[in-house]
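One structure is given here, and the rest of the page talks about it.
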Amino acid sequence: MKYLIWLVIILLAIWAYKRSRRPAQPPADKTPAPATPSNMVGCAHCGLHLPQEEAVTGEKGLYCSTEHRSAAQDRNPV
Ligand SMILES: [Zn+2]
């Protein structure tokens, strides 16, 4: 019984020693900044929403594809 007590004390000492050596990990609360949401625009022909950089520009508005731009009888203003 006496050895068991010593064993527990030694194990506690080892545990405390390891615990003191390892610095507590700070909580990883740094969430990565969310990607900036691209501006969503609707197709002037079918109403499909898509990012503005993927939209096809027409004189009357923005379209999801060149087919819809031509279907809306619009043309590229450039
Ligand atoms: Zn469309």
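Just remember, in the structure tokens the first chain shown is A, the second B, etc., residues are 1-based per chain, and ligands are 1-based in the order shown.
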Query raised in the report: Once you count only C-alpha atoms and all ligand atoms, which residues end up within 10 Å of ligand 1, and could you hand them over as a list in words?
Result: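 With only C-alpha atoms and all ligand atoms and a cut-off of 10 Å, ligand 1 is contacted by Gly42, Cys43, Ala44, His45, Cys46, Gly47, Leu48, His49, Leu50, Ala55, Val56, Leu62, Tyr63, Cys64, Ser65, Thr66, Glu67, His68, Arg69, Ala71 and Ala72 of chain A.
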Since we have the selection now, will you write its residues out, keeping C-alpha atoms, as a PDB file, in the first residue's frame?
ATOM      1  CA  GLY A  42     -29.661  38.729 -62.158  1.00  0.00           C
ATOM      2  CA  CYS A  43     -29.822  37.855 -65.810  1.00  0.00           C
ATOM      3  CA  ALA A  44     -32.048  40.361 -67.568  1.00  0.00           C
ATOM      4  CA  HIS A  45     -33.445  37.566 -69.731  1.00  0.00           C
ATOM      5  CA  CYS A  46     -34.005  34.559 -67.481  1.00  0.00           C
ATOM      6  CA  GLY A  47     -33.463  36.044 -64.024  1.00  0.00           C
ATOM      7  CA  LEU A  48     -30.655  33.668 -63.109  1.00  0.00           C
ATOM      8  CA  HIS A  49     -28.439  35.080 -60.405  1.00  0.00           C
ATOM      9  CA  LEU A  50     -24.730  34.913 -61.000  1.00  0.00           C
ATOM     10  CA  ALA A  55     -22.161  38.177 -66.200  1.00  0.00           C
ATOM     11  CA  VAL A  56     -22.291  39.152 -69.850  1.00  0.00           C
ATOM     12  CA  LEU A  62     -26.472  41.965 -67.595  1.00  0.00           C
ATOM     13  CA  TYR A  63     -27.018  38.438 -68.831  1.00  0.00           C
ATOM     14  CA  CYS A  64     -25.914  34.982 -67.774  1.00  0.00           C
ATOM     15  CA  SER A  65     -24.657  34.111 -71.244  1.00  0.00           C
ATOM     16  CA  THR A  66     -24.160  35.600 -74.676  1.00  0.00           C
ATOM     17  CA  GLU A  67     -27.062  33.429 -75.878  1.00  0.00           C
ATOM     18  CA  HIS A  68     -29.434  35.189 -73.513  1.00  0.00           C
ATOM     19  CA  ARG A  69     -28.025  38.535 -74.468  1.00  0.00           C
ATOM     20  CA  ALA A  71     -32.088  36.291 -77.213  1.00  0.00           C
ATOM     21  CA  ALA A  72     -33.006  39.542 -75.500  1.00  0.00           C
TER      22      ALA A  72
END
Report task. Using DSSP on the backbone coordinates, identify the residues of chain A assigned to strand (DSSP E); present them as a PyMOL selection string. Result -> chain A and resi 40-42+49-51+56-57+62-63
**Report entry** All residues 6 Å or closer to A:Gly58, only C-alpha atoms, same chain fewer than 6 positions away omitted, as an NGL selection string
**Finding:** :A and (74-77)
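Within chain A, the backbone-based DSSP assignment of helix (DSSP H, G or I) covers Lys2, Tyr3, Leu4, Ile5, Trp6, Leu7, Val8, Ile9, Ile10, Leu11, Leu12, Ala13, Ile14, Trp15, Ala16, Tyr17, Lys18, Arg19, Ser20, Arg21, Gln52, Glu53, Glu54, Thr66, Glu67, His68, Arg69, Ser70 and Ala71 of chain A.
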**Report entry** Atom-to-atom span, atom CA of A:Glu54 and atom CA of A:Ser70, Å
**Finding:**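 Taking atom CA of A:Glu54 as the start and atom CA of A:Ser70 as the end point, the length is 16.4 Å.
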**Report entry** Atomic separation - atom CA of A:Gln52 relative to atom CA of A:Met40, Å
**Finding:**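 Computing the Euclidean distance for atom CA of A:Met40 and atom CA of A:Gln52 yields 5.6 Å.
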